[in-house]
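Shown below: input.cif, with mmCIF, C-alpha atoms.
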data_work
#
loop_
_atom_site.label_atom_id
_atom_site.label_comp_id
_atom_site.auth_asym_id
_atom_site.auth_seq_id
_atom_site.Cartn_x
_atom_site.Cartn_y
_atom_site.Cartn_z
CA MET A 123 -49.21 99.33 -51.94
CA ASN A 124 -48.13 96.83 -54.52
CA ILE A 125 -44.60 97.84 -53.95
CA GLY A 126 -44.88 97.12 -50.20
CA ILE A 127 -46.47 93.78 -50.95
CA LYS A 128 -43.68 92.85 -53.33
CA LYS A 129 -41.08 93.78 -50.75
CA THR A 130 -42.90 91.75 -48.21
CA LEU A 131 -42.84 88.74 -50.57
CA ILE A 132 -39.25 89.18 -51.73
CA VAL A 133 -37.68 89.38 -48.24
CA PRO A 134 -39.02 86.02 -47.05
CA SER A 135 -37.91 84.42 -50.29
CA ILE A 136 -34.44 85.73 -49.82
CA VAL A 137 -34.40 84.54 -46.24
CA ALA A 138 -35.60 81.09 -47.29
CA ALA A 139 -32.96 80.91 -49.98
CA LEU A 140 -30.30 81.89 -47.53
CA ALA A 141 -31.59 79.28 -45.11
CA LEU A 142 -31.23 76.64 -47.78
CA LEU A 143 -27.72 77.76 -48.63
CA ILE A 144 -26.29 77.94 -45.08
CA PRO A 145 -26.54 74.16 -43.97
CA ALA A 146 -24.55 72.92 -46.97
CA PRO A 147 -21.09 73.68 -45.50
CA ARG A 148 -22.06 71.98 -42.21
CA ALA A 149 -23.01 68.73 -43.92
CA HIS A 150 -19.76 68.76 -45.87
CA ALA A 151 -17.77 69.19 -42.63
CA VAL A 152 -19.56 66.23 -40.98
CA SER A 153 -18.80 63.96 -43.94
CA LYS A 154 -15.13 64.87 -43.73
CA GLU A 155 -15.00 64.05 -40.03
CA ILE A 156 -16.70 60.70 -40.68
CA ILE A 157 -14.15 59.89 -43.36
CA GLN A 158 -11.31 60.77 -40.98
CA LEU A 159 -12.90 58.64 -38.26
CA GLN A 160 -13.28 55.73 -40.65
CA THR A 161 -9.66 56.15 -41.67
CA GLN A 162 -8.56 56.06 -38.03
CA VAL A 163 -10.74 53.00 -37.39
CA GLN A 164 -9.17 51.28 -40.39
CA GLN A 165 -5.73 52.19 -39.14
CA LEU A 166 -6.58 50.76 -35.72
CA GLN A 167 -7.87 47.58 -37.32
CA ASP A 168 -4.69 47.28 -39.38
CA ALA A 169 -2.56 47.82 -36.26
CA LEU A 170 -4.63 45.26 -34.37
CA GLN A 171 -4.24 42.77 -37.22
CA HIS A 172 -0.48 43.37 -37.29
CA LEU A 173 -0.30 42.91 -33.54
CA GLN A 174 -2.28 39.69 -33.84
CA ASP A 175 0.01 38.41 -36.58
CA SER A 176 3.07 39.28 -34.49
CA SER A 177 1.57 37.55 -31.46
CA THR A 178 0.85 34.44 -33.55
CA GLN A 179 4.44 34.35 -34.80
CA GLN A 180 5.81 34.84 -31.30
CA MET A 181 3.55 32.10 -29.96
CA ALA A 182 4.79 29.78 -32.70
CA VAL A 183 8.40 30.55 -31.81
CA LEU A 184 7.65 30.07 -28.12
CA GLN A 185 5.91 26.77 -28.84
CA HIS A 186 8.95 25.63 -30.81
CA LEU A 187 11.26 26.57 -27.94
CA ILE A 188 9.03 24.70 -25.50
CA GLU A 189 9.14 21.62 -27.70
CA GLN A 190 12.93 21.83 -27.96
CA THR A 191 13.18 22.21 -24.18
CA ALA A 192 10.91 19.21 -23.67
CA ASP A 193 13.05 17.13 -26.03
CA GLY A 194 16.17 18.21 -24.16
CA VAL A 195 14.60 17.26 -20.84
CA ASN A 196 13.61 13.86 -22.24
CA ARG A 197 17.12 13.22 -23.51
CA LEU A 198 18.52 14.29 -20.15
CA ASN A 199 16.15 11.90 -18.37
CA GLN A 200 17.23 9.08 -20.68
CA SER A 201 20.90 9.86 -20.00
CA MET A 202 20.26 9.96 -16.26
CA THR A 203 18.41 6.64 -16.47
CA ALA A 204 21.29 5.07 -18.40
CA LEU A 205 23.82 6.41 -15.89
CA GLN A 206 21.74 5.13 -13.00
CA GLN A 207 21.52 1.71 -14.61
CA GLN A 208 25.29 1.72 -15.13
CA VAL A 209 25.87 2.72 -11.50
CA ASN A 210 23.48 0.01 -10.33
CA ALA A 211 25.26 -2.53 -12.53
CA GLU A 212 28.64 -1.49 -11.13
CA ASN A 213 27.29 -1.70 -7.57
CA GLN A 214 25.90 -5.14 -8.29
CA ASN A 215 29.22 -6.19 -9.79
CA SER A 216 31.03 -4.88 -6.71
CA GLN A 217 28.65 -6.71 -4.41
CA LEU A 218 28.97 -9.86 -6.49
CA SER A 219 32.75 -9.56 -6.44
CA GLY A 220 32.67 -9.18 -2.65
CA GLN A 221 30.41 -12.20 -2.30
CA ILE A 222 32.65 -14.26 -4.56
CA GLN A 223 35.66 -13.15 -2.56
CA SER A 224 33.97 -14.17 0.70
CA LEU A 225 33.03 -17.50 -0.83
CA ASN A 226 36.60 -18.05 -2.00
CA ASP A 227 37.84 -17.22 1.48
CA SER A 228 35.46 -19.77 2.96
CA VAL A 229 36.59 -22.39 0.46
CA ASP A 230 40.24 -21.63 1.22
CA GLU A 231 39.57 -21.89 4.92
CA MET A 232 37.81 -25.22 4.43
CA LYS A 233 40.74 -26.54 2.38
CA THR A 234 43.12 -25.43 5.10
CA ARG A 235 41.10 -27.21 7.76
CA ILE A 236 41.10 -30.38 5.67
CA ASP A 237 44.87 -30.10 5.28
CA GLN A 238 45.22 -29.64 9.04
CA VAL A 239 43.11 -32.73 9.66
CA ASN A 240 45.26 -34.71 7.21
CA LYS A 241 48.43 -33.49 8.92
CA THR A 242 47.04 -34.44 12.30
CA LEU A 243 46.16 -37.91 11.03
CA GLN A 244 49.63 -38.30 9.56
CA ASN A 245 51.22 -37.26 12.88
CA LEU A 246 49.04 -39.71 14.75
CA GLN A 247 50.00 -42.49 12.35
CA SER A 248 53.69 -41.64 12.74
CA GLN A 249 53.38 -41.70 16.52
CA VAL A 250 51.61 -45.03 16.43
CA GLN A 251 54.30 -46.48 14.18
CA ASN A 252 57.06 -45.18 16.48
CA ILE A 253 55.40 -46.67 19.53
CA GLN A 254 54.98 -50.01 17.81
CA ALA A 255 58.64 -49.99 16.69
CA GLN A 256 60.02 -49.31 20.20
CA PRO A 257 60.57 -52.10 22.77
CA ALA A 258 57.90 -52.36 25.40
CA GLY A 259 58.45 -49.95 28.28
CA SER A 260 61.39 -48.16 26.68
CA ALA A 261 59.41 -45.15 25.44
CA ALA A 262 58.53 -43.84 28.86
CA GLN A 263 61.78 -44.71 30.68
CA PRO A 264 64.33 -41.93 31.12
CA CYS A 265 67.99 -42.47 30.25
CA GLN A 266 70.67 -42.53 33.00
CA PRO A 267 74.46 -42.44 32.87
CA GLY A 268 75.98 -45.91 32.28
CA PRO A 269 79.34 -47.38 33.41
CA VAL A 270 82.25 -44.95 33.76
CA GLY A 271 85.11 -45.33 31.28
CA PRO A 272 88.85 -44.78 31.76
CA ASN A 273 88.46 -41.04 31.27
CA GLY A 274 85.96 -40.81 34.10
CA GLN A 275 83.02 -40.18 31.74
CA PRO A 276 80.02 -42.55 31.27
CA THR A 277 80.43 -44.62 28.15
CA THR A 278 76.72 -44.85 27.35
CA GLN A 279 73.23 -44.02 28.53
CA VAL A 280 71.14 -46.81 30.03
CA GLY A 281 67.58 -47.15 31.18
CA PRO A 282 66.36 -48.50 34.51
CA ASN A 283 66.43 -52.01 33.02
CA GLY A 284 70.14 -51.65 32.15
CA GLN A 285 69.51 -51.55 28.43
CA PRO A 286 71.25 -48.83 26.36
CA CYS A 287 68.98 -45.96 25.29
CA GLN A 288 69.24 -42.72 23.35
CA PRO A 289 68.61 -39.45 25.17
CA ALA A 290 65.81 -37.28 23.84
CA ALA A 291 66.87 -34.87 21.14
CA ASN A 292 67.35 -31.21 22.11
CA SER A 293 67.16 -32.18 25.81
CA GLY A 294 67.70 -29.23 28.05
CA GLN A 295 66.82 -26.67 25.35
CA PRO A 296 63.69 -24.51 25.64
CA ALA A 297 60.95 -25.36 23.17
CA GLN A 298 60.41 -22.82 20.39
CA PRO A 299 56.97 -21.14 20.42
CA GLN A 300 54.82 -22.27 17.52
CA ALA A 301 52.34 -20.14 15.57
CA PRO A 302 48.63 -20.97 15.84
CA PRO A 303 47.16 -23.05 13.03
CA ALA A 304 46.81 -21.21 9.74
CA ASP A 305 43.01 -21.32 9.68
CA GLN A 306 42.78 -19.86 13.18
CA LEU A 307 45.23 -17.09 12.30
CA PHE A 308 43.32 -16.29 9.11
CA GLN A 309 39.91 -16.25 10.77
CA SER A 310 41.14 -14.05 13.62
CA ALA A 311 42.79 -11.65 11.14
CA VAL A 312 39.61 -11.39 9.04
CA THR A 313 37.58 -10.66 12.17
CA ASP A 314 39.96 -7.87 13.16
CA TYR A 315 39.90 -6.54 9.58
CA ASN A 316 36.10 -6.38 9.54
CA GLY A 317 36.23 -4.62 12.90
CA ALA A 318 38.59 -1.95 11.45
CA ARG A 319 41.44 -3.09 13.73
CA TYR A 320 43.79 -2.82 10.79
CA ASP A 321 47.14 -2.84 12.60
CA LEU A 322 46.24 -5.99 14.54
CA ALA A 323 44.88 -7.67 11.40
CA ALA A 324 48.02 -6.75 9.44
CA GLY A 325 50.20 -8.37 12.12
CA GLU A 326 48.17 -11.58 12.02
CA PHE A 327 48.20 -11.77 8.22
CA SER A 328 51.97 -11.18 8.24
CA GLN A 329 52.44 -13.89 10.87
CA LEU A 330 50.47 -16.31 8.71
CA LEU A 331 52.64 -15.53 5.68
CA GLN A 332 55.80 -16.03 7.73
CA ALA A 333 54.72 -19.29 9.39
CA TYR A 334 52.79 -20.80 6.46
CA PRO A 335 54.17 -19.29 3.23
CA GLN A 336 52.91 -22.18 1.08
CA ASP A 337 49.53 -22.59 2.73
CA ASN A 338 46.32 -22.22 0.70
CA LEU A 339 45.41 -19.21 2.83
CA ALA A 340 48.66 -17.37 2.07
CA PRO A 341 47.35 -15.65 -1.11
CA GLY A 342 44.33 -14.35 0.81
CA ALA A 343 46.56 -13.03 3.60
CA GLN A 344 48.74 -11.22 1.06
CA PHE A 345 45.64 -9.77 -0.61
CA TYR A 346 44.21 -8.52 2.68
CA LEU A 347 47.47 -6.72 3.44
CA GLY A 348 46.83 -4.74 0.25
CA GLU A 349 43.23 -4.07 1.30
CA ILE A 350 44.38 -2.75 4.68
CA ALA A 351 46.89 -0.37 3.06
CA PHE A 352 44.21 0.75 0.56
CA ARG A 353 41.72 1.55 3.32
CA LYS A 354 44.39 3.49 5.20
CA GLY A 355 45.12 5.58 2.09
CA ASP A 356 48.64 4.19 1.65
CA PHE A 357 48.13 3.39 -2.02
CA GLN A 358 51.80 2.75 -2.81
CA THR A 359 52.02 0.04 -0.13
CA ALA A 360 48.71 -1.35 -1.36
CA ILE A 361 50.14 -1.60 -4.90
CA GLN A 362 53.15 -3.51 -3.58
CA ASN A 363 50.99 -5.97 -1.63
CA TYR A 364 48.64 -6.58 -4.56
CA ASP A 365 51.68 -7.08 -6.77
CA GLY A 366 52.93 -9.62 -4.22
CA VAL A 367 49.81 -11.72 -4.88
CA LEU A 368 50.42 -11.57 -8.64
CA GLN A 369 54.10 -12.47 -8.36
CA GLN A 370 54.09 -15.07 -5.57
CA PHE A 371 50.67 -16.67 -6.22
CA PRO A 372 49.92 -16.11 -9.94
CA GLY A 373 47.65 -19.16 -10.14
CA SER A 374 45.61 -18.23 -7.08
CA ASN A 375 41.93 -17.32 -7.29
CA LYS A 376 42.94 -14.02 -5.67
CA ALA A 377 44.92 -12.96 -8.75
CA PRO A 378 42.02 -11.27 -10.66
CA ALA A 379 40.89 -9.32 -7.59
CA ALA A 380 44.49 -8.35 -6.80
CA GLN A 381 45.07 -6.99 -10.31
CA LEU A 382 41.78 -5.06 -10.25
CA ARG A 383 42.57 -3.50 -6.89
CA LYS A 384 46.11 -2.76 -8.00
CA GLY A 385 44.74 -0.78 -10.95
CA GLU A 386 42.32 1.07 -8.67
CA ALA A 387 45.13 1.90 -6.24
CA GLU A 388 47.28 3.18 -9.12
CA LEU A 389 44.36 5.31 -10.26
CA ARG A 390 44.07 6.80 -6.75
CA ALA A 391 47.82 7.40 -6.73
CA ASN A 392 47.56 9.38 -10.02
CA GLN A 393 49.37 6.64 -11.94
CA ARG A 394 46.92 6.71 -14.85
CA GLU A 395 49.00 4.88 -17.46
CA ALA A 396 49.90 2.08 -15.03
CA SER A 397 46.25 1.62 -14.07
CA ILE A 398 45.24 1.45 -17.76
CA ARG A 399 47.84 -1.27 -18.37
CA ASP A 400 46.64 -3.32 -15.39
CA PHE A 401 42.97 -3.00 -16.34
CA ARG A 402 43.70 -4.07 -19.93
CA ASP A 403 45.91 -6.94 -18.75
CA LEU A 404 43.17 -8.09 -16.36
CA ILE A 405 40.59 -8.12 -19.19
CA GLN A 406 42.97 -10.08 -21.41
CA ARG A 407 43.91 -12.68 -18.76
CA TYR A 408 40.53 -13.16 -17.08
CA PRO A 409 37.92 -11.94 -19.63
CA GLN A 410 34.91 -13.73 -18.10
CA THR A 411 35.40 -12.71 -14.47
CA PRO A 412 33.42 -10.03 -12.59
CA GLU A 413 36.73 -8.23 -12.02
CA ALA A 414 37.20 -7.93 -15.80
CA GLN A 415 33.73 -6.37 -16.09
CA GLN A 416 34.64 -3.80 -13.45
CA ALA A 417 37.90 -3.08 -15.30
CA ARG A 418 35.89 -2.39 -18.47
CA SER A 419 33.68 0.02 -16.53
CA HIS A 420 36.77 1.85 -15.21
CA LEU A 421 38.24 2.20 -18.71
CA ASN A 422 34.92 3.45 -20.11
CA ALA A 423 34.66 6.02 -17.32
CA MET A 424 38.22 7.16 -18.12
CA GLY A 425 37.35 7.50 -21.81
CA VAL A 426 39.94 4.86 -22.75
CA ARG A 427 39.56 2.06 -25.28
CA ILE A 428 39.37 -1.47 -23.92
CA THR A 429 42.11 -2.65 -26.28
CA PRO A 430 45.15 -0.49 -27.04
CA PRO A 431 45.25 1.03 -30.54
CA LYS A 432 47.49 -0.73 -33.02
CA PRO A 433 50.64 1.20 -33.96
CA SER A 434 50.57 2.75 -37.40
CA ALA A 435 52.70 1.15 -40.14
CA TYR A 436 54.19 4.57 -40.90
CA GLN A 437 55.49 5.07 -37.39
#
Go ahead and express the file in the form of structure tokens.
Amino acid sequence: MNIGIKKTLIVPSIVAALALLIPAPRAHAVSKEIIQLQTQVQQLQDALQHLQDSSTQQMAVLQHLIEQTADGVNRLNQSMTALQQQVNAENQNSQLSGQIQSLNDSVDEMKTRIDQVNKTLQNLQSQVQNIQAQPAGSAAQPCQPGPVGPNGQPTTQVGPNGQPCQPAANSGQPAQPQAPPADQLFQSAVTDYNGARYDLAAGEFSQLLQAYPQDNLAPGAQFYLGEIAFRKGDFQTAIQNYDGVLQQFPGSNKAPAAQLRKGEAELRANQREASIRDFRDLIQRYPQTPEAQQARSHLNAMGVRITPPKPSAYQ
């Protein structure tokens, strides 16, 4: 009986002891998994931190690139503004040069008209003096053959009053056609030039030069012949006509414009060195003129110094 009771008491004790011993491995396994999970979480946090640091560095580099790009854009805008100002200045200089040229043409035309008026007054005075010097009624009376000499020819010419007279000079010869006045020729030629009737304008300017080579409008006519050739693309002829202004009328107010246009024509004709010489010579001769300012702009655009470099002492 006691033995059965003891067995009954021992078995539950053993079972309870076994029950206490069995959960221990399970708790140890859970702790290991938690440690592994914590390790993975830490690894993820480290990776996230590294990714964040990399992103921060990349954003800094990108920000630097953006700033550099913005600076480049600003410098480009400044350069474009400077170029635009230079172009505007050149356009203004060209317009001013054209206005000055038109004004000079008007002044030349006015001088020519004054000269024509003076010539007309002089002719009228000469005619009045001739009329006053002639006997009354002899100016309008034609000459007739006088008495016949031994050879059967009249010995002299007499008028209706029997007084000897002189026959009119060049009687019986056709009168030579005269050119229109210089100012009319010039104005008509300029009108045809502005209307792009270049051949007709060139003929009128040439006629003016032939009929009035010493007139005040002659330099302008020679200059416009160069302008006509330039507009037609015949740069070599344009160079020759501009050079005609410089050689025949060196003291004319057309000389600076002629030398500028000659340099531009040489530049169009691929005569770079000749154009550089003319631009430099223009700046040296007429430094304060608008044409000299345009010559400086051309040399700057060509990347050429305004003044030629001095030769080395060792050369």
Carefully work through the PyMOL selection byres ((chain A and resi 385) around 12) for this structure and note down the residues it includes, as an MDAnalysis selection string.
chainID A and resid 352 357:358 360:362 364:365 378:384 386:405 413:414 416:418 420:421
Separation of atom CA of Gly348 of chain A from atom CA of Asp321 of chain A, in Å and rounded to one decimal:
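Going from atom CA of Gly348 of chain A over to atom CA of Asp321 of chain A, I get 12.5 Å.
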Just to confirm, what's the straight-line distance from atom CA of Gln190 of chain A to atom CA of Leu205 of chain A in Å (one decimal)?
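Going from atom CA of Gln190 of chain A over to atom CA of Leu205 of chain A, I get 22.4 Å.
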Using all atoms listed in the file for the distances, tell me which of A:Gln158, A:Gln344, A:Gln171, A:Gln406 is nearest to Ala311 of chain A.
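That would be A:Gln344, the residue with the smallest distance to Ala311 of chain A.
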Of the candidates A:Ser201, A:Gln306, A:Thr359, A:Gln207, which one gets nearest to Leu330 of chain A if we count all atoms listed in the file?
A:Gln306
Give me, please, the distance in Å between atom CA of Asp305 of chain A and atom CA of Leu339 of chain A, quoted to one decimal.
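Between these atoms lies a distance of 7.6 Å.
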Could you tell me which residues the PyMOL selection byres ((chain A and resi 346) around 9) returns for this structure, as a CSV table (one decimal) with C-alpha atoms, in the frame of the given file?
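Saved the output as selection_28.csv:
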chain,number,residue,atom,x,y,z
A,312,VAL,CA,39.6,-11.4,9.0
A,315,TYR,CA,39.9,-6.5,9.6
A,323,ALA,CA,44.9,-7.7,11.4
A,324,ALA,CA,48.0,-6.8,9.4
A,327,PHE,CA,48.2,-11.8,8.2
A,341,PRO,CA,47.4,-15.6,-1.1
A,342,GLY,CA,44.3,-14.4,0.8
A,343,ALA,CA,46.6,-13.0,3.6
A,344,GLN,CA,48.7,-11.2,1.1
A,345,PHE,CA,45.6,-9.8,-0.6
A,347,LEU,CA,47.5,-6.7,3.4
A,348,GLY,CA,46.8,-4.7,0.2
A,349,GLU,CA,43.2,-4.1,1.3
A,350,ILE,CA,44.4,-2.8,4.7
A,351,ALA,CA,46.9,-0.4,3.1
A,363,ASN,CA,51.0,-6.0,-1.6
A,364,TYR,CA,48.6,-6.6,-4.6
When distances are computed from all atoms listed in the file, which of A:Asn422, A:Gln200, A:Ser310, A:Ser374 shows the smallest separation from Gln336 of chain A?
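Answer, going by the shortest atom-to-atom distance: A:Ser374.
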Between A:Pro372, A:Gly355, A:Asp314, A:Leu307, single out the one closest to Ser328 of chain A, counting only C-alpha atoms.
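When distances to Ser328 of chain A are compared using only C-alpha atoms, the smallest one comes from A:Leu307.
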